[in-house]
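These notes concern the structure reproduced below.
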Amino acid sequence: MRPTKRRLHLPPEPTQDNLRVKIAFTTSDRQTVDQHFGSAKGVLIYGIYSTEWHLMEAIEYSSSGFAHDKLPSRIADLSGCAVLFCNACGALAIRQLIECDIQPVKVSEGCHIHFLLTEVMAELNGTQTGWLSRALKKNKLPDLSDTQKRLTQLMDEEW
């Protein structure tokens, strides 16, 4: 029997403690978001840290079977991710992703993954909104801007 998927797991370079958020991208070329979630040939999962990002996992899927039969397995593969960037996603998949606290985000075909990673990093270091704000609150991940404000307050206090 032919395997239905191949997975390459890469341990994060910085410790897991420094992980701020995990995000996923549907891709066939490992450079751009160019796939529908249900029929995606591949998914890349990145870990976003305070000042950098690292590829954590690369998943390749075979094209056999019906998309709706694949959904539970594909959603389980995204465990721990806060968001999935894709070109399209069916209503059933959207509902199941949201139930698992994974926000699907539709982007135009060919959108570069590194561009999206840069945008997420900029938002992490600025004012978080939407899915990122919810993910940080849900996971109780540290907000660096609050930490920096607190450090500034401590430095300004009299000793």
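Residues are referred to by chain and number: the chain letter is A, B, ... according to the order shown in the structure tokens, the number counts from 1 in that chain, and ligands are numbered separately from 1 in the order shown.
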Report task. Name the residues in contact with A:Phe25 at a cut-off of 9 Å, using only C-alpha atoms, excluding same-chain residues fewer than 3 positions from it; report them as a list in words. Result ->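 Residues near the query, excluding close chain neighbours: Arg30, Thr32, Val33, Asp34, Gln35, Phe37, Gly42, Val43, Leu44, Ile45, Tyr46, Val83, Leu84, Phe85, Cys86 and Ile113 of chain A.
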Export N, CA and C atoms of the chosen residues as a PDB file, in the first residue's frame?
```pdb
ATOM      1  N   ARG A  30       6.924  24.959  -2.152  1.00  0.00           N
ATOM      2  CA  ARG A  30       7.622  25.298  -0.899  1.00  0.00           C
ATOM      3  C   ARG A  30       8.103  26.747  -0.850  1.00  0.00           C
ATOM      4  N   THR A  32       5.642  29.459  -2.331  1.00  0.00           N
ATOM      5  CA  THR A  32       4.445  30.290  -2.417  1.00  0.00           C
ATOM      6  C   THR A  32       3.228  29.520  -1.904  1.00  0.00           C
ATOM      7  N   VAL A  33       2.218  30.278  -1.503  1.00  0.00           N
ATOM      8  CA  VAL A  33       0.933  29.689  -1.148  1.00  0.00           C
ATOM      9  C   VAL A  33       0.179  29.535  -2.460  1.00  0.00           C
ATOM     10  N   ASP A  34      -0.028  28.283  -2.871  1.00  0.00           N
ATOM     11  CA  ASP A  34      -0.621  28.040  -4.187  1.00  0.00           C
ATOM     12  C   ASP A  34      -1.578  26.848  -4.205  1.00  0.00           C
ATOM     13  N   GLN A  35      -2.171  26.525  -3.044  1.00  0.00           N
ATOM     14  CA  GLN A  35      -3.000  25.323  -2.967  1.00  0.00           C
ATOM     15  C   GLN A  35      -4.291  25.561  -2.181  1.00  0.00           C
ATOM     16  N   PHE A  37      -6.775  23.992   0.541  1.00  0.00           N
ATOM     17  CA  PHE A  37      -6.442  23.177   1.709  1.00  0.00           C
ATOM     18  C   PHE A  37      -6.805  21.708   1.510  1.00  0.00           C
ATOM     19  N   GLY A  42       1.061  19.824  -0.366  1.00  0.00           N
ATOM     20  CA  GLY A  42       1.999  19.973   0.733  1.00  0.00           C
ATOM     21  C   GLY A  42       1.624  21.083   1.683  1.00  0.00           C
ATOM     22  N   VAL A  43       2.128  20.974   2.898  1.00  0.00           N
ATOM     23  CA  VAL A  43       1.930  21.993   3.931  1.00  0.00           C
ATOM     24  C   VAL A  43       3.273  22.220   4.610  1.00  0.00           C
ATOM     25  N   LEU A  44       3.635  23.475   4.782  1.00  0.00           N
ATOM     26  CA  LEU A  44       4.814  23.835   5.565  1.00  0.00           C
ATOM     27  C   LEU A  44       4.344  24.474   6.859  1.00  0.00           C
ATOM     28  N   ILE A  45       4.959  24.073   7.972  1.00  0.00           N
ATOM     29  CA  ILE A  45       4.630  24.637   9.278  1.00  0.00           C
ATOM     30  C   ILE A  45       5.861  25.342   9.811  1.00  0.00           C
ATOM     31  N   TYR A  46       5.688  26.623  10.109  1.00  0.00           N
ATOM     32  CA  TYR A  46       6.779  27.451  10.624  1.00  0.00           C
ATOM     33  C   TYR A  46       6.505  27.828  12.064  1.00  0.00           C
ATOM     34  N   VAL A  83      -2.878  29.517  12.616  1.00  0.00           N
ATOM     35  CA  VAL A  83      -3.428  29.982  11.346  1.00  0.00           C
ATOM     36  C   VAL A  83      -2.962  29.069  10.222  1.00  0.00           C
ATOM     37  N   LEU A  84      -3.800  28.987   9.191  1.00  0.00           N
ATOM     38  CA  LEU A  84      -3.472  28.274   7.962  1.00  0.00           C
ATOM     39  C   LEU A  84      -3.664  29.241   6.804  1.00  0.00           C
ATOM     40  N   PHE A  85      -2.601  29.552   6.094  1.00  0.00           N
ATOM     41  CA  PHE A  85      -2.689  30.380   4.896  1.00  0.00           C
ATOM     42  C   PHE A  85      -2.888  29.454   3.702  1.00  0.00           C
ATOM     43  N   CYS A  86      -3.933  29.712   2.909  1.00  0.00           N
ATOM     44  CA  CYS A  86      -4.239  28.878   1.748  1.00  0.00           C
ATOM     45  C   CYS A  86      -4.920  29.733   0.683  1.00  0.00           C
ATOM     46  N   ILE A 113       5.634  32.899   0.722  1.00  0.00           N
ATOM     47  CA  ILE A 113       5.597  32.503   2.132  1.00  0.00           C
ATOM     48  C   ILE A 113       6.477  33.425   2.972  1.00  0.00           C
TER      49      ILE A 113
END
```
Requested in this report: Find the spatial neighbours of A:Cys81, counting only C-alpha atoms, within a cut-off of 8 Å - ignore same-chain residues fewer than 2 positions away - and output them as a PyMOL selection string.
Outcome: chain A and resi 21-24+45+78-79+83-84+102
Keeping only N, CA and C atoms, take the residues you just selected and write them out as a tab-separated table (two decimals), in the first residue's frame.
```
chain	number	residue	atom	x	y	z
A	21	VAL	N	4.28	31.57	18.07
A	21	VAL	CA	3.11	31.09	17.34
A	21	VAL	C	3.57	30.17	16.21
A	22	LYS	N	2.74	29.18	15.89
A	22	LYS	CA	3.00	28.29	14.76
A	22	LYS	C	2.01	28.61	13.65
A	23	ILE	N	2.49	28.69	12.42
A	23	ILE	CA	1.61	28.97	11.29
A	23	ILE	C	1.89	27.99	10.15
A	24	ALA	N	0.85	27.73	9.36
A	24	ALA	CA	0.95	26.75	8.27
A	24	ALA	C	0.61	27.40	6.94
A	45	ILE	N	4.96	24.07	7.97
A	45	ILE	CA	4.63	24.64	9.28
A	45	ILE	C	5.86	25.34	9.81
A	78	LEU	N	-2.16	19.88	11.64
A	78	LEU	CA	-1.97	21.30	11.95
A	78	LEU	C	-2.07	21.59	13.44
A	79	SER	N	-2.08	20.56	14.25
A	79	SER	CA	-2.22	20.73	15.69
A	79	SER	C	-1.20	21.73	16.23
A	83	VAL	N	-2.88	29.52	12.62
A	83	VAL	CA	-3.43	29.98	11.35
A	83	VAL	C	-2.96	29.07	10.22
A	84	LEU	N	-3.80	28.99	9.19
A	84	LEU	CA	-3.47	28.27	7.96
A	84	LEU	C	-3.66	29.24	6.80
A	102	ILE	N	-7.84	26.96	14.76
A	102	ILE	CA	-6.95	27.27	13.65
A	102	ILE	C	-7.71	28.20	12.70
```
Report task. Would you please extract all helix (DSSP H, G or I) residues from stretch 17-63 of chain A, as assigned by DSSP on the backbone, and give them as number ranges by chain? Result -> A: 17-18, 37-39
Write the residues of the selection above to a file with all heavy atoms, as a PDB file, in the first residue's frame.
```
ATOM      1  N   ASP A  17      10.344  27.016  24.369  1.00  0.00           N
ATOM      2  CA  ASP A  17       9.876  28.073  25.273  1.00  0.00           C
ATOM      3  C   ASP A  17       9.798  29.423  24.570  1.00  0.00           C
ATOM      4  O   ASP A  17       9.000  30.263  24.936  1.00  0.00           O
ATOM      5  CB  ASP A  17      10.815  28.203  26.476  1.00  0.00           C
ATOM      6  CG  ASP A  17      10.872  26.928  27.302  1.00  0.00           C
ATOM      7  OD1 ASP A  17       9.889  26.162  27.269  1.00  0.00           O
ATOM      8  OD2 ASP A  17      11.899  26.698  27.961  1.00  0.00           O
ATOM      9  N   ASN A  18      10.650  29.645  23.570  1.00  0.00           N
ATOM     10  CA  ASN A  18      10.669  30.921  22.867  1.00  0.00           C
ATOM     11  C   ASN A  18       9.656  30.997  21.733  1.00  0.00           C
ATOM     12  O   ASN A  18       9.521  32.041  21.104  1.00  0.00           O
ATOM     13  CB  ASN A  18      12.064  31.183  22.290  1.00  0.00           C
ATOM     14  CG  ASN A  18      13.101  31.315  23.376  1.00  0.00           C
ATOM     15  OD1 ASN A  18      12.801  31.713  24.490  1.00  0.00           O
ATOM     16  ND2 ASN A  18      14.336  30.963  23.063  1.00  0.00           N
ATOM     17  N   PHE A  37      -6.775  23.992   0.541  1.00  0.00           N
ATOM     18  CA  PHE A  37      -6.442  23.177   1.709  1.00  0.00           C
ATOM     19  C   PHE A  37      -6.805  21.708   1.510  1.00  0.00           C
ATOM     20  O   PHE A  37      -5.985  20.820   1.754  1.00  0.00           O
ATOM     21  CB  PHE A  37      -7.125  23.725   2.967  1.00  0.00           C
ATOM     22  CG  PHE A  37      -6.946  22.838   4.169  1.00  0.00           C
ATOM     23  CD1 PHE A  37      -5.681  22.518   4.628  1.00  0.00           C
ATOM     24  CD2 PHE A  37      -8.046  22.322   4.838  1.00  0.00           C
ATOM     25  CE1 PHE A  37      -5.511  21.693   5.738  1.00  0.00           C
ATOM     26  CE2 PHE A  37      -7.877  21.501   5.940  1.00  0.00           C
ATOM     27  CZ  PHE A  37      -6.610  21.194   6.403  1.00  0.00           C
ATOM     28  N   GLY A  38      -8.005  21.415   1.067  1.00  0.00           N
ATOM     29  CA  GLY A  38      -8.458  20.037   0.952  1.00  0.00           C
ATOM     30  C   GLY A  38      -7.708  19.209  -0.060  1.00  0.00           C
ATOM     31  O   GLY A  38      -7.620  17.990   0.064  1.00  0.00           O
ATOM     32  N   SER A  39      -7.148  19.846  -1.071  1.00  0.00           N
ATOM     33  CA  SER A  39      -6.432  19.111  -2.117  1.00  0.00           C
ATOM     34  C   SER A  39      -4.952  19.474  -2.178  1.00  0.00           C
ATOM     35  O   SER A  39      -4.285  19.181  -3.162  1.00  0.00           O
ATOM     36  CB  SER A  39      -7.089  19.362  -3.480  1.00  0.00           C
ATOM     37  OG  SER A  39      -7.056  20.738  -3.788  1.00  0.00           O
TER      38      SER A  39
END
```
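Surrounding stretch 58-60 of chain A within 9 Å are Thr4, Lys5, Arg6, Arg7, Leu8, His9, Leu10, Ser28, Arg30, Ala40, Lys41, Gly42, Val43, Leu44, Ile45, Tyr46, Leu55, Met56, Ser62 and Asp77 of chain A, with only C-alpha atoms counted and residues fewer than 2 positions along the same chain left out.
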Please dump the current selection as a compact mmCIF listing (two decimals), in the first residue's frame; keep C-alpha atoms.
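So selection_7.txt came out as:
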```txt
# COMPACT_ATOMS: atom_id res chain seq x y z
CA THR A 4 -0.82 8.80 1.91
CA LYS A 5 1.63 11.36 3.23
CA ARG A 6 5.26 11.97 4.03
CA ARG A 7 6.36 14.11 6.96
CA LEU A 8 9.64 15.76 7.70
CA HIS A 9 9.82 17.07 11.25
CA LEU A 10 12.48 19.66 12.04
CA SER A 28 3.33 22.72 -3.87
CA ARG A 30 7.62 25.30 -0.90
CA ALA A 40 -3.05 20.54 -1.12
CA LYS A 41 0.02 18.60 -2.18
CA GLY A 42 2.00 19.97 0.73
CA VAL A 43 1.93 21.99 3.93
CA LEU A 44 4.81 23.84 5.57
CA ILE A 45 4.63 24.64 9.28
CA TYR A 46 6.78 27.45 10.62
CA LEU A 55 10.65 25.74 9.39
CA MET A 56 9.38 23.14 11.85
CA SER A 62 -0.57 11.94 -2.06
CA ASP A 77 -1.48 17.59 11.15
```
List as a tab-separated table every residue of stretch 33-57 of chain A that is in contact with stretch 120-138 of chain A, defined as an atom at most 8 Å from one of its atoms (using only C-alpha atoms), together with the nearest atom pair and the distance in Å rounded to one decimal, sorted by chain and then rising number.
```
residue	atom	partner	partner_atom	distance
A:Ile48	CA	A:Met121	CA	7.3
A:Ser50	CA	A:Asn125	CA	7.8
A:Thr51	CA	A:Met121	CA	7.5
A:Glu52	CA	A:Met121	CA	7.7
```
Report task. Would you work out the distance separating atom CA of A:Ala88 from atom CA of A:Thr27, expressed in Å to one decimal? Result -> 11.8 Å
Report summary line: Taken to one decimal, the atom CA of A:Leu19-atom CA of A:His36 distance is 27.0 Å
